[in-house]
Amino acid sequence: MSDVSTQIRNSRPQQTAASSKIDGDQLELFAQEFFAALKPSDRPAPPSQPLFKAPPAPPRTRLPSPPVGPQDPPLKRIALGQHYVDYALRRSSRRSIGFMIDDDGLRVTAPRRVTQDDIENALRAKSRWIITKLLERGERRELRQQRAPVVWVDGALLPFMGGEITLRLEPATRSHCRFDETTRELAIGVVPGLAEWQLKERVKLWFQAEARRVFTERLDHYAPRLNVRYKTCTLSSAGSRWGSCTVGGSIRLNWRLIHYPLALIDYVVAHELAHLREMNHSPAFWATVAEVYPDYDGARLALRKQSHQMPVLFEE
């Protein structure tokens, strides 16, 4: 028994020494690899890259701001959410604060007795609607600016009543303007020295004369059907507003409607005449429009879509 115990005790130092030798070799190998990894490399380090590459930011649509003339008061500014909105303020005898948004931005009409704080509180209460409409108008204006303008040469195609007419430039000693309904050609007599802006103005006057003729015909057609009477009809050059109507029966229609199909002209005419019975946009108003123009929703969408596609004729 003692011999066996002695043999076991004598064998333990041999196992420990062997184990220490193996651990030492492994430690030395680890140290060599560790310090080799710390040694600077002769190769240039690759440029650092972010762990997550952010997608490119979408282009921001600039909110339109009303133009300011030399005699106009400066614009007001208010922060609505993440946007700063510039707006034109006009005081009047009306009883409530009114907002109007078109391609030229936001216009506010307020009673004279209302304070600036009241106006700003009203703007904040309508902030979501205001920002949404301004972004829509800004996007539409940018799309319009991206469209290629018409080149004013012989053979140019111009939009008229939902179709196209051909511009014919004829050398002449005296200026003239004739439209041939059969060939759908608009002939303009070009005198020596005629500038492009004069040519464009002559064509615009023809479009406006046609607009006045067509609008009067359609007003006279729809007014009896709605049992209303309008007092006057004048042409408007608003940036995006197609028409307006006053309590006194004065109707204004955008002359650029002459570029669009007759069905869309009829929709705007019916819309404004319906205001002579309902000076609002209530369900009763739309029911009035539907009496003579049932598909008013389709017309509104078509008018918006075609306005995005209309070529640029006159830059104003």
# chains A, B, ... in the order shown; residues from 1 in each chain; ligands from 1

$ residues_around --residues "Ala211 (chain A)" --least-positions-apart "6" --cutoff "9 Å" --atoms "only C-alpha atoms" --output "ChimeraX atom specification"
/A:235,253-259

$ residues_around --residues "Phe99 (chain A)" --least-positions-apart "4" --cutoff "12 Å" --atoms "only C-alpha atoms" --output "VMD selection string"
chain A and resid 87 to 90 105 to 110 119 to 120 122 to 123 126 to 127 129 to 130 133 to 134

$ select_by_dssp --residues "region 149-315 of chain A" --states "strand (DSSP E or B)" --output "JSON, numbers by chain"
{"A": [149, 157, 158, 159, 160, 163, 164, 165, 166, 167, 168, 169, 170, 171, 177, 178, 179, 180, 185, 186, 187, 188, 189, 190, 232, 233, 234, 235, 236, 243, 244, 245, 250, 251, 252, 253, 254, 312]}

$ closest_residue --among "A:Gln82, A:Leu273, A:Tyr293, A:Asp104" --to "Pro224 (chain A)" --atoms "only C-alpha atoms"
A:Leu273

$ residues_around --residues "Arg202 (chain A)" --least-positions-apart "3" --cutoff "12 Å" --atoms "only C-alpha atoms" --output "ChimeraX atom specification"
/A:167,169,175-178,186-190,194-199,205-209,314

$ closest_residue --among "A:Arg137, A:His271, A:Arg184, A:Arg128" --to "Tyr296 (chain A)" --atoms "only C-alpha atoms"
A:His271

$ residues_around --residues "Ser93 (chain A)" --least-positions-apart "5" --cutoff "12 Å" --atoms "only C-alpha atoms" --output "VMD selection string"
chain A and resid 98 109 to 114

$ residues_around --residues "Arg141 (chain A)" --least-positions-apart "5" --cutoff "9 Å" --atoms "only C-alpha atoms" --output "JSON, numbers by chain"
{"A": [64, 103, 136, 146, 308]}

$ write_last_selection --atoms "N, CA, C and O atoms" --output "mmCIF file, in the first residue's frame"
data_model
loop_
_atom_site.group_PDB
_atom_site.id
_atom_site.type_symbol
_atom_site.label_atom_id
_atom_site.label_comp_id
_atom_site.auth_asym_id
_atom_site.auth_seq_id
_atom_site.Cartn_x
_atom_site.Cartn_y
_atom_site.Cartn_z
ATOM 1 N N PRO A 64 -44.788 78.257 -51.189
ATOM 2 C CA PRO A 64 -44.907 79.520 -51.935
ATOM 3 C C PRO A 64 -45.211 80.683 -51.009
ATOM 4 O O PRO A 64 -45.854 80.523 -49.970
ATOM 5 N N ASP A 103 -51.367 79.320 -55.940
ATOM 6 C CA ASP A 103 -49.968 79.075 -56.282
ATOM 7 C C ASP A 103 -49.042 80.172 -55.781
ATOM 8 O O ASP A 103 -47.820 79.994 -55.746
ATOM 9 N N GLU A 136 -48.982 71.267 -51.527
ATOM 10 C CA GLU A 136 -49.578 70.878 -52.801
ATOM 11 C C GLU A 136 -49.353 71.957 -53.851
ATOM 12 O O GLU A 136 -48.972 71.663 -54.994
ATOM 13 N N GLN A 146 -41.000 72.942 -64.426
ATOM 14 C CA GLN A 146 -40.154 71.945 -65.075
ATOM 15 C C GLN A 146 -40.614 71.618 -66.493
ATOM 16 O O GLN A 146 -39.850 71.039 -67.269
ATOM 17 N N HIS A 308 -51.653 69.971 -64.456
ATOM 18 C CA HIS A 308 -50.262 69.550 -64.276
ATOM 19 C C HIS A 308 -49.597 69.251 -65.607
ATOM 20 O O HIS A 308 -48.371 69.329 -65.729
#

$ atom_distance --atom1 "CA of Pro294 (chain A)" --atom2 "CA of Ala274 (chain A)"
12.7 Å

$ select_by_dssp --residues "region 99-308 of chain A" --states "helix (DSSP H, G or I)" --output "ChimeraX atom specification"
/A:116-125,127-146,196-226,255-259,262-274,283-292,296-308

$ decode --residues "region 144-177 of chain A" --atoms "N, CA and C atoms" --output "tab-separated table (two decimals), in the first residue's frame"
chain	number	residue	atom	x	y	z
A	144	ARG	N	-44.90	72.65	-62.83
A	144	ARG	CA	-45.19	73.55	-63.96
A	144	ARG	C	-43.92	74.21	-64.48
A	145	GLN	N	-43.04	74.57	-63.56
A	145	GLN	CA	-41.79	75.22	-63.98
A	145	GLN	C	-40.85	74.24	-64.69
A	146	GLN	N	-41.00	72.94	-64.43
A	146	GLN	CA	-40.15	71.94	-65.08
A	146	GLN	C	-40.61	71.62	-66.49
A	147	ARG	N	-41.87	71.96	-66.83
A	147	ARG	CA	-42.36	71.67	-68.17
A	147	ARG	C	-41.70	72.58	-69.18
A	148	ALA	N	-41.38	72.04	-70.34
A	148	ALA	CA	-40.73	72.82	-71.38
A	148	ALA	C	-41.71	73.84	-71.95
A	149	PRO	N	-41.31	75.10	-72.08
A	149	PRO	CA	-42.22	76.09	-72.66
A	149	PRO	C	-42.39	75.87	-74.15
A	150	VAL	N	-43.47	76.40	-74.68
A	150	VAL	CA	-43.73	76.32	-76.11
A	150	VAL	C	-42.71	77.16	-76.87
A	151	VAL	N	-42.19	76.61	-77.96
A	151	VAL	CA	-41.27	77.35	-78.82
A	151	VAL	C	-42.12	78.06	-79.87
A	152	TRP	N	-42.01	79.37	-79.92
A	152	TRP	CA	-42.88	80.18	-80.76
A	152	TRP	C	-42.33	80.28	-82.18
A	153	VAL	N	-42.58	79.19	-82.94
A	153	VAL	CA	-42.16	79.11	-84.34
A	153	VAL	C	-43.36	78.67	-85.17
A	154	ASP	N	-43.23	78.81	-86.48
A	154	ASP	CA	-44.28	78.35	-87.38
A	154	ASP	C	-44.48	76.84	-87.20
A	155	GLY	N	-45.73	76.44	-87.02
A	155	GLY	CA	-46.03	75.03	-86.81
A	155	GLY	C	-46.16	74.62	-85.36
A	156	ALA	N	-45.95	75.54	-84.43
A	156	ALA	CA	-46.09	75.21	-83.00
A	156	ALA	C	-47.54	74.83	-82.70
A	157	LEU	N	-47.70	73.87	-81.79
A	157	LEU	CA	-49.02	73.40	-81.39
A	157	LEU	C	-49.43	74.08	-80.08
A	158	LEU	N	-50.63	74.64	-80.07
A	158	LEU	CA	-51.13	75.37	-78.91
A	158	LEU	C	-52.40	74.70	-78.41
A	159	PRO	N	-52.58	74.57	-77.08
A	159	PRO	CA	-53.79	73.92	-76.54
A	159	PRO	C	-55.00	74.83	-76.66
A	160	PHE	N	-56.10	74.25	-77.16
A	160	PHE	CA	-57.31	75.04	-77.32
A	160	PHE	C	-58.52	74.12	-77.22
A	161	MET	N	-59.40	74.37	-76.24
A	161	MET	CA	-60.66	73.65	-76.06
A	161	MET	C	-60.45	72.14	-75.97
A	162	GLY	N	-59.40	71.72	-75.28
A	162	GLY	CA	-59.14	70.30	-75.08
A	162	GLY	C	-58.40	69.64	-76.21
A	163	GLY	N	-58.13	70.34	-77.30
A	163	GLY	CA	-57.35	69.80	-78.41
A	163	GLY	C	-56.16	70.70	-78.70
A	164	GLU	N	-55.71	70.68	-79.93
A	164	GLU	CA	-54.57	71.50	-80.33
A	164	GLU	C	-54.87	72.24	-81.63
A	165	ILE	N	-54.34	73.45	-81.72
A	165	ILE	CA	-54.38	74.20	-82.97
A	165	ILE	C	-52.95	74.48	-83.39
A	166	THR	N	-52.77	74.74	-84.67
A	166	THR	CA	-51.43	74.96	-85.22
A	166	THR	C	-51.20	76.44	-85.44
A	167	LEU	N	-50.08	76.93	-84.97
A	167	LEU	CA	-49.71	78.33	-85.17
A	167	LEU	C	-49.04	78.48	-86.53
A	168	ARG	N	-49.55	79.41	-87.32
A	168	ARG	CA	-48.96	79.71	-88.63
A	168	ARG	C	-48.49	81.16	-88.63
A	169	LEU	N	-47.20	81.33	-88.91
A	169	LEU	CA	-46.61	82.67	-88.96
A	169	LEU	C	-46.41	83.06	-90.42
A	170	GLU	N	-47.10	84.14	-90.83
A	170	GLU	CA	-47.07	84.57	-92.22
A	170	GLU	C	-46.43	85.95	-92.32
A	171	PRO	N	-45.38	86.10	-93.15
A	171	PRO	CA	-44.82	87.44	-93.37
A	171	PRO	C	-45.90	88.37	-93.91
A	172	ALA	N	-45.99	89.55	-93.36
A	172	ALA	CA	-47.04	90.49	-93.76
A	172	ALA	C	-46.58	91.91	-93.55
A	173	THR	N	-47.20	92.82	-94.30
A	173	THR	CA	-46.91	94.24	-94.12
A	173	THR	C	-47.77	94.84	-93.01
A	174	ARG	N	-48.92	94.18	-92.75
A	174	ARG	CA	-49.79	94.60	-91.66
A	174	ARG	C	-50.13	93.38	-90.82
A	175	SER	N	-50.17	93.56	-89.52
A	175	SER	CA	-50.46	92.44	-88.62
A	175	SER	C	-51.90	92.00	-88.77
A	176	HIS	N	-52.11	90.68	-88.71
A	176	HIS	CA	-53.46	90.14	-88.74
A	176	HIS	C	-53.51	88.87	-87.90
A	177	CYS	N	-54.72	88.44	-87.58
A	177	CYS	CA	-54.93	87.23	-86.79
A	177	CYS	C	-56.21	86.57	-87.28
